[in-house]
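The structure file target29.cif is reproduced below (mmCIF, C-alpha atoms and all ligand atoms).
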```cif
data_model
#
loop_
_atom_site.label_atom_id
_atom_site.label_comp_id
_atom_site.auth_asym_id
_atom_site.auth_seq_id
_atom_site.Cartn_x
_atom_site.Cartn_y
_atom_site.Cartn_z
CA MET A 1 -3.78 -23.98 19.33
CA ARG A 2 -1.44 -22.49 16.75
CA ASN A 3 -1.76 -18.83 16.00
CA LEU A 4 -1.69 -18.68 12.20
CA LEU A 5 -1.58 -15.36 10.37
CA THR A 6 -2.34 -15.30 6.65
CA GLY A 7 -1.95 -12.23 4.49
CA LEU A 8 -3.77 -12.25 1.15
CA ASP A 9 -2.68 -9.57 -1.31
CA VAL A 10 -5.17 -9.60 -4.18
CA GLY A 11 -3.45 -7.35 -6.72
CA THR A 12 -4.18 -6.39 -10.31
CA SER A 13 -1.35 -8.63 -11.56
CA LYS A 14 -1.08 -11.37 -8.97
CA VAL A 15 -2.50 -12.89 -5.81
CA CYS A 16 -0.01 -13.61 -3.05
CA ALA A 17 -0.95 -15.68 0.01
CA LEU A 18 1.63 -15.66 2.80
CA VAL A 19 1.19 -17.85 5.89
CA GLY A 20 2.93 -16.97 9.11
CA GLU A 21 2.76 -18.22 12.65
CA SER A 22 2.99 -16.06 15.73
CA LEU A 23 5.46 -17.60 18.18
CA ALA A 24 6.35 -16.62 21.74
CA GLU A 25 7.50 -13.06 22.46
CA GLY A 26 6.32 -11.50 19.23
CA GLU A 27 8.52 -13.77 17.10
CA LEU A 28 7.11 -14.66 13.72
CA ALA A 29 7.76 -17.66 11.48
CA ILE A 30 6.80 -17.86 7.81
CA LEU A 31 5.42 -21.30 7.00
CA GLY A 32 4.64 -21.06 3.31
CA HIS A 33 3.35 -18.98 0.42
CA GLY A 34 1.58 -19.12 -2.91
CA VAL A 35 1.68 -16.65 -5.80
CA THR A 36 -0.62 -16.85 -8.86
CA PRO A 37 -1.21 -14.44 -11.74
CA CYS A 38 -4.65 -12.82 -11.52
CA SER A 39 -6.72 -11.19 -14.24
CA GLY A 40 -9.88 -10.55 -12.23
CA LEU A 41 -9.10 -6.98 -11.19
CA ARG A 42 -8.90 -3.69 -12.97
CA LYS A 43 -7.26 -0.67 -11.35
CA GLY A 44 -7.13 -2.45 -8.01
CA VAL A 45 -10.79 -3.51 -7.81
CA VAL A 46 -12.53 -6.81 -8.57
CA VAL A 47 -14.26 -6.74 -11.97
CA ASN A 48 -14.42 -10.49 -12.57
CA ILE A 49 -15.47 -12.57 -9.57
CA GLU A 50 -14.84 -15.95 -11.24
CA ALA A 51 -11.26 -15.17 -12.29
CA THR A 52 -10.47 -13.65 -8.90
CA VAL A 53 -11.89 -16.63 -6.99
CA GLU A 54 -9.80 -19.00 -9.13
CA ALA A 55 -6.60 -17.03 -8.52
CA ILE A 56 -7.23 -16.81 -4.76
CA ARG A 57 -7.98 -20.53 -4.61
CA ALA A 58 -4.77 -21.39 -6.49
CA ALA A 59 -2.59 -19.13 -4.31
CA VAL A 60 -4.18 -20.43 -1.10
CA ASP A 61 -3.79 -24.08 -2.27
CA GLU A 62 -0.13 -23.51 -2.99
CA ALA A 63 0.39 -21.79 0.36
CA GLU A 64 -1.34 -24.67 2.14
CA LYS A 65 0.81 -27.22 0.33
CA THR A 66 4.08 -25.46 1.10
CA SER A 67 3.17 -24.74 4.72
CA GLY A 68 1.38 -27.99 5.58
CA VAL A 69 -1.36 -26.07 7.41
CA ARG A 70 -4.96 -25.38 6.54
CA ILE A 71 -5.74 -21.71 5.98
CA GLY A 72 -8.87 -20.49 7.74
CA SER A 73 -9.09 -16.72 8.04
CA VAL A 74 -7.12 -14.17 6.02
CA VAL A 75 -6.40 -10.46 6.19
CA THR A 76 -6.77 -8.86 2.77
CA GLY A 77 -5.42 -5.66 1.28
CA VAL A 78 -7.66 -3.12 -0.42
CA ALA A 79 -6.73 -0.44 -2.92
CA GLY A 80 -8.36 1.29 -5.85
CA PRO A 81 -9.42 4.82 -6.73
CA HIS A 82 -12.55 4.45 -4.54
CA ILE A 83 -10.37 4.83 -1.42
CA ARG A 84 -10.43 8.25 0.23
CA GLY A 85 -8.19 9.64 2.92
CA LEU A 86 -9.14 12.72 4.90
CA ASN A 87 -7.83 14.63 7.87
CA SER A 88 -10.20 15.60 10.64
CA HIS A 89 -10.02 17.03 14.12
CA GLY A 90 -12.10 17.21 17.28
CA ILE A 91 -12.10 19.17 20.53
CA VAL A 92 -13.55 18.25 23.94
CA ALA A 93 -13.46 19.75 27.43
CA VAL A 94 -11.25 17.76 29.82
CA ARG A 95 -13.05 16.43 32.88
CA GLY A 96 -11.42 16.98 36.26
CA GLY A 97 -8.44 19.03 35.07
CA GLU A 98 -6.36 16.02 33.96
CA VAL A 99 -6.63 14.11 30.67
CA GLY A 100 -7.88 10.56 31.21
CA SER A 101 -8.42 7.69 28.79
CA ARG A 102 -12.14 8.52 28.56
CA ASP A 103 -11.26 12.03 27.36
CA VAL A 104 -9.05 10.54 24.65
CA ASP A 105 -11.88 8.22 23.56
CA ARG A 106 -14.30 11.14 23.45
CA VAL A 107 -12.01 13.40 21.45
CA ILE A 108 -11.35 10.66 18.87
CA ASP A 109 -15.12 10.13 18.63
CA ALA A 110 -15.58 13.85 18.10
CA ALA A 111 -12.89 13.89 15.39
CA ARG A 112 -14.32 10.91 13.54
CA ALA A 113 -17.86 12.30 13.63
CA VAL A 114 -17.46 13.78 10.16
CA ALA A 115 -20.16 13.00 7.66
CA ILE A 116 -19.21 9.73 6.00
CA PRO A 117 -21.73 8.61 3.35
CA LEU A 118 -23.58 5.40 4.17
CA ASP A 119 -22.15 3.57 1.18
CA ARG A 120 -18.61 3.95 2.52
CA GLN A 121 -16.88 1.94 5.20
CA VAL A 122 -14.20 3.23 7.54
CA LEU A 123 -11.00 1.23 7.08
CA HIS A 124 -8.65 3.07 9.42
CA ILE A 125 -8.70 5.78 12.03
CA LEU A 126 -5.11 6.94 12.45
CA PRO A 127 -4.37 9.42 15.26
CA GLN A 128 -1.82 12.06 14.24
CA GLN A 129 -1.35 14.21 17.32
CA PHE A 130 -3.11 15.79 20.28
CA ALA A 131 -3.08 19.25 21.77
CA VAL A 132 -3.76 19.97 25.45
CA ASP A 133 -4.77 23.62 25.90
CA ASP A 134 -2.12 25.50 23.90
CA GLN A 135 0.43 22.72 23.99
CA GLU A 136 0.53 21.20 20.50
CA GLY A 137 2.26 18.11 19.14
CA VAL A 138 1.38 15.88 22.11
CA ARG A 139 1.49 12.13 21.46
CA GLU A 140 0.52 10.73 24.85
CA PRO A 141 -1.93 13.19 26.41
CA ILE A 142 -3.03 10.96 29.30
CA GLY A 143 -2.06 12.39 32.66
CA MET A 144 -1.46 15.91 31.34
CA ALA A 145 -3.11 18.82 33.11
CA GLY A 146 -5.46 20.99 31.07
CA VAL A 147 -9.02 21.96 30.31
CA ARG A 148 -9.20 21.43 26.55
CA LEU A 149 -8.13 18.37 24.52
CA GLU A 150 -7.84 18.44 20.77
CA ALA A 151 -7.11 15.51 18.43
CA ARG A 152 -6.04 15.39 14.80
CA ILE A 153 -6.69 12.14 12.94
CA HIS A 154 -6.48 10.70 9.45
CA ILE A 155 -9.48 8.61 8.32
CA VAL A 156 -9.32 6.15 5.43
CA THR A 157 -12.64 5.06 3.90
CA ALA A 158 -13.54 2.70 1.07
CA ALA A 159 -16.65 2.20 -1.04
CA GLN A 160 -18.55 -0.58 0.69
CA SER A 161 -19.38 -2.56 -2.45
CA TYR A 162 -15.74 -3.01 -3.45
CA GLY A 163 -14.88 -4.48 -0.07
CA GLN A 164 -17.94 -6.70 -0.22
CA ASN A 165 -16.90 -8.07 -3.63
CA LEU A 166 -13.43 -8.87 -2.37
CA ASN A 167 -14.88 -10.60 0.70
CA LYS A 168 -17.23 -12.57 -1.51
CA CYS A 169 -14.29 -13.79 -3.61
CA CYS A 170 -12.44 -14.92 -0.48
CA GLU A 171 -15.47 -16.81 0.83
CA ARG A 172 -16.06 -18.51 -2.50
CA ALA A 173 -12.40 -19.51 -2.55
CA GLY A 174 -12.89 -21.19 0.84
CA VAL A 175 -11.22 -18.70 3.22
CA THR A 176 -12.75 -16.30 5.75
CA PRO A 177 -11.92 -12.62 5.32
CA ALA A 178 -11.21 -11.39 8.85
CA ASP A 179 -9.94 -7.87 8.30
CA MET A 180 -9.04 -5.42 5.56
CA VAL A 181 -6.04 -3.13 5.39
CA PHE A 182 -5.38 -0.29 2.97
CA GLU A 183 -2.54 -1.75 0.89
CA PRO A 184 0.11 0.98 1.13
CA LEU A 185 -0.22 1.01 4.94
CA ALA A 186 0.63 -2.70 4.91
CA SER A 187 3.54 -2.03 2.52
CA ALA A 188 4.76 0.75 4.83
CA ASP A 189 4.77 -1.65 7.79
CA ALA A 190 6.96 -4.01 5.79
CA ALA A 191 9.33 -1.57 4.11
CA LEU A 192 9.90 1.57 6.20
CA PHE A 193 12.31 2.27 9.05
CA PRO A 194 10.74 3.99 12.09
CA GLU A 195 13.13 6.96 11.68
CA GLU A 196 11.81 7.55 8.17
CA ARG A 197 8.25 7.94 9.48
CA GLU A 198 9.51 10.38 12.07
CA LEU A 199 11.53 12.55 9.71
CA GLY A 200 8.96 12.47 6.92
CA VAL A 201 8.69 10.00 4.06
CA ALA A 202 6.36 9.16 1.17
CA LEU A 203 5.84 5.46 0.49
CA ILE A 204 4.72 4.90 -3.08
CA ASP A 205 3.54 1.48 -4.29
CA ILE A 206 3.46 1.35 -8.08
CA GLY A 207 1.77 -1.94 -8.95
CA GLY A 208 0.12 -3.20 -12.11
CA GLY A 209 -3.15 -1.29 -11.93
CA THR A 210 -2.75 1.39 -9.28
CA THR A 211 -0.24 3.68 -7.65
CA ASP A 212 -0.85 3.98 -3.91
CA ILE A 213 0.60 6.77 -1.81
CA VAL A 214 0.98 7.26 1.93
CA VAL A 215 2.82 10.19 3.47
CA PHE A 216 4.23 10.06 7.02
CA HIS A 217 5.53 12.91 9.13
CA GLY A 218 6.26 13.05 12.85
CA GLY A 219 5.51 9.34 13.02
CA ALA A 220 1.93 9.77 11.80
CA VAL A 221 0.01 9.31 8.53
CA MET A 222 -0.60 12.75 7.04
CA HIS A 223 -2.00 11.88 3.62
CA THR A 224 -3.17 8.87 1.61
CA ALA A 225 -4.16 8.62 -2.06
CA VAL A 226 -4.65 6.13 -4.89
CA LEU A 227 -3.99 6.94 -8.55
CA PRO A 228 -5.57 4.75 -11.23
CA LEU A 229 -2.28 4.22 -13.09
CA GLY A 230 0.34 1.49 -12.91
CA GLY A 231 2.70 -0.77 -14.83
CA ASN A 232 -0.08 -2.20 -17.02
CA HIS A 233 -0.40 1.18 -18.69
CA LEU A 234 3.28 1.09 -19.61
CA THR A 235 2.76 -2.34 -21.14
CA SER A 236 -0.25 -1.17 -23.18
CA ASP A 237 1.73 1.85 -24.39
CA VAL A 238 4.57 -0.41 -25.54
CA ALA A 239 2.12 -2.79 -27.25
CA ALA A 240 0.45 0.09 -29.11
CA GLY A 241 3.69 1.93 -29.89
CA LEU A 242 5.52 -1.10 -31.28
CA ARG A 243 2.42 -2.88 -32.61
CA THR A 244 3.20 -6.04 -30.70
CA PRO A 245 0.97 -8.34 -28.54
CA ILE A 246 0.59 -7.51 -24.84
CA SER A 247 2.59 -10.57 -23.76
CA ASP A 248 5.59 -9.55 -25.91
CA ALA A 249 5.24 -5.93 -24.81
CA GLU A 250 5.32 -7.04 -21.15
CA ARG A 251 8.51 -9.05 -21.76
CA LEU A 252 10.16 -6.16 -23.61
CA LYS A 253 9.22 -3.74 -20.83
CA VAL A 254 10.51 -5.97 -18.03
CA ASN A 255 13.75 -6.94 -19.80
CA TYR A 256 14.72 -3.73 -21.61
CA GLY A 257 12.30 -1.00 -20.54
CA VAL A 258 13.64 2.19 -18.98
CA ALA A 259 11.98 5.03 -17.12
CA THR A 260 14.42 7.52 -18.61
CA ASN A 261 16.59 7.43 -21.70
CA LEU A 262 19.36 9.26 -19.83
CA ILE A 263 20.70 5.85 -18.80
CA VAL A 264 20.58 4.24 -22.28
CA ARG A 265 23.51 4.29 -24.73
CA ARG A 266 22.66 5.35 -28.28
CA ASP A 267 23.89 2.09 -29.80
CA GLU A 268 21.87 -0.29 -27.60
CA MET A 269 19.51 -2.42 -29.70
CA VAL A 270 16.66 -4.79 -28.77
CA GLN A 271 14.70 -7.37 -30.72
CA VAL A 272 10.93 -6.99 -31.10
CA PRO A 273 9.10 -10.25 -31.92
CA GLY A 274 7.14 -10.13 -35.19
CA VAL A 275 3.36 -10.32 -35.28
CA GLY A 276 1.33 -12.58 -37.58
CA GLY A 277 4.26 -14.50 -39.00
CA ARG A 278 6.35 -11.39 -39.73
CA GLU A 279 10.08 -11.33 -39.13
CA PRO A 280 11.32 -10.00 -35.76
CA ARG A 281 12.58 -6.41 -35.91
CA VAL A 282 15.63 -4.89 -34.28
CA ILE A 283 15.10 -1.41 -32.83
CA ALA A 284 17.10 1.00 -30.71
CA ARG A 285 16.42 0.53 -27.01
CA ARG A 286 15.90 4.29 -26.82
CA ILE A 287 12.66 3.87 -28.82
CA LEU A 288 11.33 1.78 -25.93
CA GLY A 289 12.43 4.55 -23.56
CA GLU A 290 10.66 7.17 -25.70
CA ILE A 291 7.41 5.26 -25.23
CA ILE A 292 7.76 4.57 -21.50
CA GLU A 293 9.32 7.81 -20.26
CA PRO A 294 6.35 10.15 -20.87
CA ARG A 295 3.98 7.78 -19.07
CA MET A 296 6.34 7.44 -16.11
CA GLU A 297 6.69 11.24 -16.06
CA GLU A 298 2.90 11.49 -16.01
CA ILE A 299 2.67 9.05 -13.07
CA PHE A 300 5.39 10.86 -11.10
CA SER A 301 3.89 14.29 -11.82
CA MET A 302 0.53 13.09 -10.49
CA ILE A 303 2.31 11.72 -7.40
CA GLN A 304 4.09 15.06 -7.00
CA ARG A 305 0.71 16.83 -6.95
CA GLU A 306 -0.49 14.47 -4.19
CA LEU A 307 2.67 15.14 -2.18
CA MET A 308 1.98 18.87 -2.44
CA ARG A 309 -1.56 18.28 -1.22
CA SER A 310 -0.24 16.45 1.85
CA GLY A 311 0.98 19.79 3.19
CA VAL A 312 4.31 18.29 4.26
CA ALA A 313 5.99 18.00 0.84
CA ASP A 314 8.67 20.45 1.97
CA SER A 315 9.58 18.44 5.03
CA LEU A 316 10.06 14.93 3.68
CA ALA A 317 13.58 14.65 5.08
CA SER A 318 13.67 10.91 4.38
CA GLY A 319 12.48 11.39 0.82
CA VAL A 320 10.57 8.75 -1.09
CA VAL A 321 10.50 4.94 -0.84
CA LEU A 322 9.28 3.12 -3.96
CA VAL A 323 7.75 -0.37 -3.79
CA GLY A 324 5.54 -2.47 -6.10
CA GLY A 325 6.60 -4.32 -9.25
CA THR A 326 6.97 -1.21 -11.40
CA SER A 327 9.64 0.16 -9.06
CA LEU A 328 11.90 -2.50 -10.65
CA LEU A 329 11.81 -0.70 -14.00
CA GLU A 330 15.36 0.45 -14.75
CA GLY A 331 15.95 4.15 -14.23
CA THR A 332 12.84 4.61 -12.08
CA GLN A 333 14.82 5.87 -9.12
CA GLU A 334 16.71 8.39 -11.28
CA LEU A 335 13.53 9.74 -12.87
CA ALA A 336 11.76 9.96 -9.50
CA GLU A 337 14.67 11.90 -7.95
CA ARG A 338 14.65 14.32 -10.86
CA ILE A 339 10.90 14.98 -10.64
CA PHE A 340 10.53 15.06 -6.84
CA GLY A 341 13.86 16.70 -6.06
CA LEU A 342 14.11 14.29 -3.12
CA PRO A 343 16.25 11.27 -2.28
CA VAL A 344 14.53 8.08 -3.52
CA ARG A 345 15.21 4.48 -2.50
CA ARG A 346 13.63 1.18 -3.51
CA GLY A 347 11.86 -0.60 -0.62
CA LEU A 348 11.86 -4.30 0.23
CA PRO A 349 9.89 -6.24 2.87
CA ILE A 350 12.80 -5.86 5.34
CA ASN A 351 10.69 -5.74 8.51
CA LEU A 352 9.53 -9.33 8.08
CA LYS A 353 12.67 -11.10 9.20
CA ALA A 354 11.47 -14.57 8.16
CA MET A 355 10.52 -13.53 4.61
CA PRO A 356 11.49 -16.27 2.10
CA GLU A 357 14.38 -15.24 -0.14
CA GLU A 358 12.32 -15.45 -3.36
CA LEU A 359 9.78 -12.98 -1.95
CA MET A 360 12.40 -10.37 -1.02
CA LYS A 361 11.10 -8.17 -3.83
CA PRO A 362 9.28 -4.82 -3.92
CA MET A 363 6.04 -6.46 -5.14
CA PHE A 364 5.69 -8.53 -1.97
CA THR A 365 5.76 -5.72 0.60
CA THR A 366 1.94 -5.67 0.81
CA ALA A 367 1.65 -9.40 1.62
CA ALA A 368 4.45 -9.11 4.21
CA GLY A 369 2.75 -6.09 5.79
CA LEU A 370 -0.57 -7.94 6.00
CA VAL A 371 1.13 -10.65 8.07
CA LEU A 372 2.99 -8.10 10.23
CA HIS A 373 -0.29 -6.26 10.80
CA GLN A 374 -1.72 -9.38 12.47
CA ASN A 375 1.35 -9.78 14.62
CA GLY A 376 0.78 -6.50 16.40
CA ALA A 377 2.21 -4.06 13.90
CA ARG A 378 -0.98 -2.00 14.04
CA GLY A 379 0.70 0.53 16.26
CA VAL A 380 3.27 0.90 13.53
CA THR A 381 0.58 1.22 10.90
CA ASN A 382 -0.95 4.11 12.71
CA GLY A 383 2.43 5.70 12.99
CA MET A 384 2.66 5.70 16.77
CA ALA A 385 4.74 3.62 19.17
CA ARG A 386 4.33 -0.10 18.65
CA ASN A 387 2.84 -0.85 22.04
CA GLY A 388 1.71 2.67 22.85
CA ARG A 389 -1.71 3.54 24.06
CA LEU A 390 -2.63 4.83 20.66
CA GLY A 391 -1.90 1.50 19.05
CA ARG A 392 -4.25 -0.21 21.46
CA LEU A 393 -6.75 2.58 21.15
CA ARG A 394 -6.75 2.19 17.44
CA ASN A 395 -7.26 -1.56 17.69
CA ARG A 396 -10.23 -0.99 19.90
CA LEU A 397 -11.53 1.77 17.67
CA SER A 398 -11.24 -0.26 14.53
CA ASP A 399 -13.10 -3.12 16.21
CA TRP A 400 -15.74 -0.67 17.24
CA VAL A 401 -15.91 0.90 13.83
CA ARG A 402 -16.21 -2.52 12.25
CA ASP A 403 -19.06 -3.45 14.55
CA PHE A 404 -20.72 -0.20 13.79
CA PHE A 405 -20.59 -0.33 10.01
N1 LIG B 1 11.51 -5.95 -13.64
C1 LIG B 1 10.44 -5.23 -13.91
N2 LIG B 1 10.53 -4.09 -14.62
C2 LIG B 1 9.46 -3.35 -14.90
N3 LIG B 1 8.21 -3.65 -14.49
C3 LIG B 1 8.04 -4.76 -13.78
C4 LIG B 1 9.13 -5.60 -13.44
N4 LIG B 1 8.66 -6.65 -12.70
C5 LIG B 1 7.33 -6.46 -12.59
N5 LIG B 1 6.95 -5.32 -13.24
C6 LIG B 1 5.60 -4.77 -13.36
O1 LIG B 1 5.03 -4.62 -12.09
C7 LIG B 1 3.60 -4.72 -12.19
C8 LIG B 1 3.10 -5.64 -11.12
O2 LIG B 1 3.46 -5.14 -9.87
P1 LIG B 1 2.79 -5.67 -8.51
O3 LIG B 1 2.95 -7.13 -8.41
O4 LIG B 1 3.33 -4.83 -7.42
O5 LIG B 1 1.26 -5.30 -8.82
P2 LIG B 1 -0.07 -5.79 -8.10
O6 LIG B 1 0.13 -5.73 -6.63
O7 LIG B 1 -0.51 -7.08 -8.66
O8 LIG B 1 -1.10 -4.69 -8.60
P3 LIG B 1 -1.86 -3.51 -7.83
O9 LIG B 1 -1.19 -3.31 -6.52
O10 LIG B 1 -1.72 -2.34 -8.75
O11 LIG B 1 -3.27 -3.95 -7.72
C9 LIG B 1 3.30 -5.21 -13.59
O12 LIG B 1 2.83 -4.13 -14.38
C10 LIG B 1 4.66 -5.70 -14.10
O13 LIG B 1 4.80 -5.52 -15.50
MG MG B 2 -0.10 -4.31 -5.12
#
```
As structure tokens, please, write out the structure in this file.
Ligand SMILES: Nc1ncnc2c1ncn2[C@@H]1O[C@H](COP(=O)(O)OP(=O)(O)OP(=O)(O)O)[C@@H](O)[C@H]1O
Ligand SMILES: [Mg+2]
Amino acid sequence: MRNLLTGLDVGTSKVCALVGESLAEGELAILGHGVTPCSGLRKGVVVNIEATVEAIRAAVDEAEKTSGVRIGSVVTGVAGPHIRGLNSHGIVAVRGGEVGSRDVDRVIDAARAVAIPLDRQVLHILPQQFAVDDQEGVREPIGMAGVRLEARIHIVTAAQSYGQNLNKCCERAGVTPADMVFEPLASADAALFPEERELGVALIDIGGGTTDIVVFHGGAVMHTAVLPLGGNHLTSDVAAGLRTPISDAERLKVNYGVATNLIVRRDEMVQVPGVGGREPRVIARRILGEIIEPRMEEIFSMIQRELMRSGVADSLASGVVLVGGTSLLEGTQELAERIFGLPVRRGLPINLKAMPEELMKPMFTTAAGLVLHQNGARGVTNGMARNGRLGRLRNRLSDWVRDFF
């Protein structure tokens, strides 16, 4: 039987279905893909079931046609301001003077035993580090001598109803939702180098409806957050500011928009289509910048606050990696560097070697990560060694958590 892996990124602007196949020795082939515009979500969550089902169906159909396989189960991405990330820790006494796998299970249980409201589901339990007696910063505690084992973990939860709505859309579109991954963790799997996670990096996915943040340090997830702002807000600002329809505003933004006017010459002009039979107007490109720049500054200032809250803002030696469609806006990197005071690069789905050329763009990192996740990248998602004990532990834990909730 073929081992098919389908990632389904249901975003605020588009649905992307990506079908892969797991081959021998961890190799991965990409068989096909489908991308369709989607209007059924607002700020990352489903608000219109019918429109979302239609978009999923169209993307899945296209992916089936291009790949020649029938898509059964899919792994979806979740985002939205209802997602919460929190750090927790637990302590247990070690039995028999040496840490065994049961002790590790117990300490993770102790750490995850924080009060999580019944209407929330646990998406991820991501171990950060262990301490054995006074020895901190331990990654593989098994076999170490000691009497006390401590674990620090990061827990990501989502409002149950949002996940249920997304699952319902998948089922109605004829596919089985098998698992759910917090979107920026999938993007991180696709776009980050392992060294970046070690040294400290913030991955920021600025999509259409949301901005998702995940901060890594020492190979582990230290902080996660979702902001309810994205590229659609820039488009609405342009539409309001220039009194032009949304579709024209979107085109103007994509073709001539800038995150900062520092990169625009004074004499650059652009044409704004007329509304209601009026003549098109010619305006300075800097006017477009004057509309977009304050909103981008607002988004980056909110991100900056989240980075401060992560507690490791001062030690992000690898800086910031920007993904998502809005990262393509000209001047975004320059503005981000100015506001964060950190090196900033644009991320692409580089870790999926078989990625089709036309999907080598920052808006397809989530879909690529959802496929990688199914091919054993979970250990990477949780920031520990790919085949390490923690990766397996986490797999087992997430199965357990899923059964439980
Ligand atoms: N070249 C470009 N310049 C500026 N913005 C762009 C460009 N290309 C795409 N965008 C913007 O990127 C956004 C879509 O990005 P993306 O596909 O990553 O979002 P999404 O995954 O559908 O949404 P979300 O993750 O927020 O639910 C849109 O607002 C679009 O206008
Ligand atoms: Mg997205």
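Rounded to one decimal, CA of Leu126 in chain A and CA of Glu150 in chain A lie 14.5 Å from each other.
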| said: Give me, as a PyMOL selection string, the set of residues whose atoms come within 9 Å of any atom of ligand LIG 1 (chain B), counting only C-alpha atoms and all ligand atoms. | reply: chain A and resi 9-16+37-38+41-45+78-80+183-184+205-212+228-235+250-251+253-258+323-330+362-366
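The closest residue to Glu62 in chain A, picked from A:Ala17, A:Ile91, A:Ile108, A:Ala202 and counting all atoms listed in the file, is A:Ala17.
With distances restricted to all atoms listed in the file, A:Thr76 is the closest residue to ligand MG 2 (chain B) from A:Thr244, A:Thr76, A:Thr224, A:Val107.
One finds CA of Gln128 in chain A at 11.7 Å from CA of Glu198 in chain A.
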| task | Pick out the residues sitting within 12 Å of Leu8 in chain A, and hand them over as an MDAnalysis selection string; count all atoms listed in the file, and ignore anything fewer than 5 positions along from it in its own chain. | result | chainID A and resid 14:20 33:36 55:60 63 71:78 166:167 169:170 173 175:181 183 186 364:371 373:374
| task | Place a sphere of radius 8 Å on (-6.0, 14.6, -2.5) in the file coordinates and name every protein, DNA or RNA residue with an atom inside or on its surface, counting all atoms listed in the file; give the answer as a VMD selection string. | result | chain A and resid 85 223 to 225 306 309 to 310
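If you look at CA of Arg346 in chain A and CA of Phe216 in chain A, they are 16.7 Å away from each other.
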| Which of these residues is nearest to Ala51 in chain A, using all atoms listed in the file: A:Arg112, A:Arg102, A:Arg172, A:Arg139? | A:Arg172
| task | Place a sphere of radius 9 Å on (-2.9, 16.4, 22.3) in the file coordinates and name every protein, DNA or RNA residue with an atom inside or on its surface, counting only C-alpha atoms; give the answer as a ChimeraX atom specification. | result | /A:104,129-133,135-142,149-152
Generate N, CA, C and O atoms for range 268-279 of chain A and emit them as a PDB file, keeping the file's coordinate frame.
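New file part34.pdb:
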```
ATOM      1  N   GLU A 268      22.505   0.919 -28.142  1.00  0.00           N
ATOM      2  CA  GLU A 268      21.870  -0.290 -27.600  1.00  0.00           C
ATOM      3  C   GLU A 268      20.651  -0.680 -28.432  1.00  0.00           C
ATOM      4  O   GLU A 268      19.791   0.148 -28.703  1.00  0.00           O
ATOM      5  N   MET A 269      20.604  -1.955 -28.836  1.00  0.00           N
ATOM      6  CA  MET A 269      19.510  -2.420 -29.700  1.00  0.00           C
ATOM      7  C   MET A 269      18.743  -3.549 -28.993  1.00  0.00           C
ATOM      8  O   MET A 269      19.303  -4.268 -28.188  1.00  0.00           O
ATOM      9  N   VAL A 270      17.444  -3.672 -29.306  1.00  0.00           N
ATOM     10  CA  VAL A 270      16.660  -4.790 -28.770  1.00  0.00           C
ATOM     11  C   VAL A 270      15.824  -5.401 -29.891  1.00  0.00           C
ATOM     12  O   VAL A 270      15.515  -4.737 -30.884  1.00  0.00           O
ATOM     13  N   GLN A 271      15.471  -6.694 -29.697  1.00  0.00           N
ATOM     14  CA  GLN A 271      14.700  -7.370 -30.720  1.00  0.00           C
ATOM     15  C   GLN A 271      13.208  -7.403 -30.361  1.00  0.00           C
ATOM     16  O   GLN A 271      12.843  -7.799 -29.258  1.00  0.00           O
ATOM     17  N   VAL A 272      12.383  -6.957 -31.303  1.00  0.00           N
ATOM     18  CA  VAL A 272      10.930  -6.990 -31.100  1.00  0.00           C
ATOM     19  C   VAL A 272      10.357  -8.154 -31.893  1.00  0.00           C
ATOM     20  O   VAL A 272      10.545  -8.217 -33.105  1.00  0.00           O
ATOM     21  N   PRO A 273       9.659  -9.107 -31.194  1.00  0.00           N
ATOM     22  CA  PRO A 273       9.100 -10.250 -31.920  1.00  0.00           C
ATOM     23  C   PRO A 273       8.111  -9.793 -32.992  1.00  0.00           C
ATOM     24  O   PRO A 273       7.398  -8.809 -32.800  1.00  0.00           O
ATOM     25  N   GLY A 274       8.071 -10.486 -34.112  1.00  0.00           N
ATOM     26  CA  GLY A 274       7.140 -10.130 -35.190  1.00  0.00           C
ATOM     27  C   GLY A 274       5.728 -10.599 -34.885  1.00  0.00           C
ATOM     28  O   GLY A 274       5.521 -11.525 -34.125  1.00  0.00           O
ATOM     29  N   VAL A 275       4.756  -9.912 -35.472  1.00  0.00           N
ATOM     30  CA  VAL A 275       3.360 -10.320 -35.280  1.00  0.00           C
ATOM     31  C   VAL A 275       2.863 -10.973 -36.561  1.00  0.00           C
ATOM     32  O   VAL A 275       3.241 -10.560 -37.661  1.00  0.00           O
ATOM     33  N   GLY A 276       1.988 -11.968 -36.423  1.00  0.00           N
ATOM     34  CA  GLY A 276       1.330 -12.580 -37.580  1.00  0.00           C
ATOM     35  C   GLY A 276       2.316 -13.126 -38.588  1.00  0.00           C
ATOM     36  O   GLY A 276       2.180 -12.862 -39.790  1.00  0.00           O
ATOM     37  N   GLY A 277       3.323 -13.841 -38.103  1.00  0.00           N
ATOM     38  CA  GLY A 277       4.260 -14.500 -39.000  1.00  0.00           C
ATOM     39  C   GLY A 277       5.325 -13.577 -39.593  1.00  0.00           C
ATOM     40  O   GLY A 277       6.157 -13.999 -40.383  1.00  0.00           O
ATOM     41  N   ARG A 278       5.306 -12.287 -39.213  1.00  0.00           N
ATOM     42  CA  ARG A 278       6.350 -11.390 -39.730  1.00  0.00           C
ATOM     43  C   ARG A 278       7.670 -11.631 -39.015  1.00  0.00           C
ATOM     44  O   ARG A 278       7.721 -12.161 -37.919  1.00  0.00           O
ATOM     45  N   GLU A 279       8.730 -11.182 -39.685  1.00  0.00           N
ATOM     46  CA  GLU A 279      10.080 -11.330 -39.130  1.00  0.00           C
ATOM     47  C   GLU A 279      10.233 -10.448 -37.882  1.00  0.00           C
ATOM     48  O   GLU A 279       9.649  -9.365 -37.823  1.00  0.00           O
TER      49      GLU A 279
END
```
